[in-house]
Amino acid sequence: MSGTYVRADLLATALGGTAGEAPMSRYRITLGDSRIEMEEGIPFLKVGNDVVPLLLPPLRSGRTFLVPYQVATSVIPKFATGFNYDLAAGELRIFNTAARRVVETPPAPSSTGPTVLPSIGPNTSAPNRARRTQRRLIVVDAGHGGVDPGMRGPIGDGPRIVEKNVTLAVARLVAQELRNSGVDVLMTRTTDTLIALSDRGRIANRNKGDLFVSVHVNATGARGSAGARERGYETYFLAEAKTEEASRVERMENEAVKFETGADAPKGDPLSFIINDMAQNEHLRESNDLAETIQSGFRSFHPGKDRGVQQANFAVLRGSYMPAVLVEIGFGTNPSEAAYLLDPDNQRTIAASIARGVMEYISHYDARIGAGGR
Ligand SMILES: [Zn+2]
């Protein structure tokens, strides 16, 4: 778990401060006159009167208290006096003068609300800087395929929907729209075939993709008529699953692993895998931005409700070392939404919106990089 967490006591000591247990089972880091307090398992911390959301909750391991790397890269420089995180060098620096914040920190994305994620480590910017002047490569992933049909619906009467067919149809249209917009596209599959989840990310990496977009159809976890009523669209980016609902969708999408056999099937604890996976974490903020842009594009046309941007630990996203999102374009379990998703015109609208979201994200990104002067 060393990748994205640091020991609070070592961090505090390195910065000339102290750390230790505080009342109410809290843990406290004291740096000069700043007090940072947090609790195990709670993804927030307090600095004075400010409450700061954390990407990952602090952890306890025996007497050791672990804080997400974000505390070093973003929280301490922002709230404690006299510290700065140098993105280029990947160092937390101590200043004794008013010259703090001389090192440029990336502007917070405006639309992400309280879940703004910090950039971590030196290579935080994505899409890949080196490719900036080249054509972008977007990896478009049609969920499921082959012996893995994904979800089937709807509950009750209505046209039958099979997720793998809808995701392929929509993914093809997304690819077409993106190519028309002047970017290169790689599809993880173009036929009804099963690509192992771990391979989808690997395909993206091997081809040096800049962004990864996976298309899926959602299914309710509820039964009967209550389940059939559930509808709407949501966009996920990679992170530890936060809500119970996100965990449920994550389990459902990761189920495809059971169709995979042999050496390619992912092994081990997925959480430790992600926590050790720094390269992916560097792209969390970018993935969040991309997810927000795609999600907000659906508002103007989608008949279902806006279920928001979610975080989850999807195996399909985990293997991609680039900003990566998974779009659940609607609930195939809801009869009217199933009918909506099966309509080719609606598939075109959905695909165009995803493609527009990607292009919008890229131009935001370029504007930010241009303004940042890197
Ligand atoms: Zn799916």
# chains A, B, ... in the order shown; residues from 1 in each chain; ligands from 1
call {"tool": "closest_atom_pairs", "arguments": {"of": "chain A", "to": "ligand 1", "cutoff": "6 Å", "atoms": "only C-alpha atoms and all ligand atoms", "output": "tab-separated table"}}
result
residue	atom	partner	partner_atom_place_in_ligand_line	distance
A:Gly143	CA	ligand 1	1 (Zn)	5.4
A:Gly150	CA	ligand 1	1 (Zn)	5.3
A:His216	CA	ligand 1	1 (Zn)	4.3
A:Val217	CA	ligand 1	1 (Zn)	5.4
A:Glu253	CA	ligand 1	1 (Zn)	5.0
call {"tool": "residues_around", "arguments": {"residues": "stretch 353-363 of chain A", "least_positions_apart": "5", "cutoff": "7 Å", "atoms": "only C-alpha atoms", "output": "VMD selection string"}}
result
chain A and resid 174 177 to 178 290 293 to 294 297 to 298
call {"tool": "atom_distance", "arguments": {"atom1": "atom CA of A:Ala339", "atom2": "atom CA of A:Asn313"}}
result
29.1 Å
call {"tool": "closest_residue", "arguments": {"among": "A:Leu186, A:Ala226, A:Leu66, A:Val213", "to": "A:Val316", "atoms": "only C-alpha atoms"}}
result
A:Val213
call {"tool": "closest_residue", "arguments": {"among": "A:Pro149, A:Pro159, A:Pro58, A:Gly308", "to": "A:Glu255", "atoms": "only C-alpha atoms"}}
result
A:Pro149
call {"tool": "atom_distance", "arguments": {"atom1": "atom CA of A:Thr243", "atom2": "atom CA of A:Asn288"}}
result
15.9 Å
call {"tool": "closest_residue", "arguments": {"among": "A:Pro68, A:Ile161, A:Val75, A:Gly156", "to": "A:Ile36", "atoms": "only C-alpha atoms"}}
result
A:Val75
call {"tool": "closest_residue", "arguments": {"among": "A:Val309, A:Ala338, A:Met38, A:Leu56", "to": "A:Ala228", "atoms": "only C-alpha atoms"}}
result
A:Ala338
call {"tool": "atom_distance", "arguments": {"atom1": "atom CA of A:Glu39", "atom2": "atom CA of A:Gly16"}}
result
21.9 Å
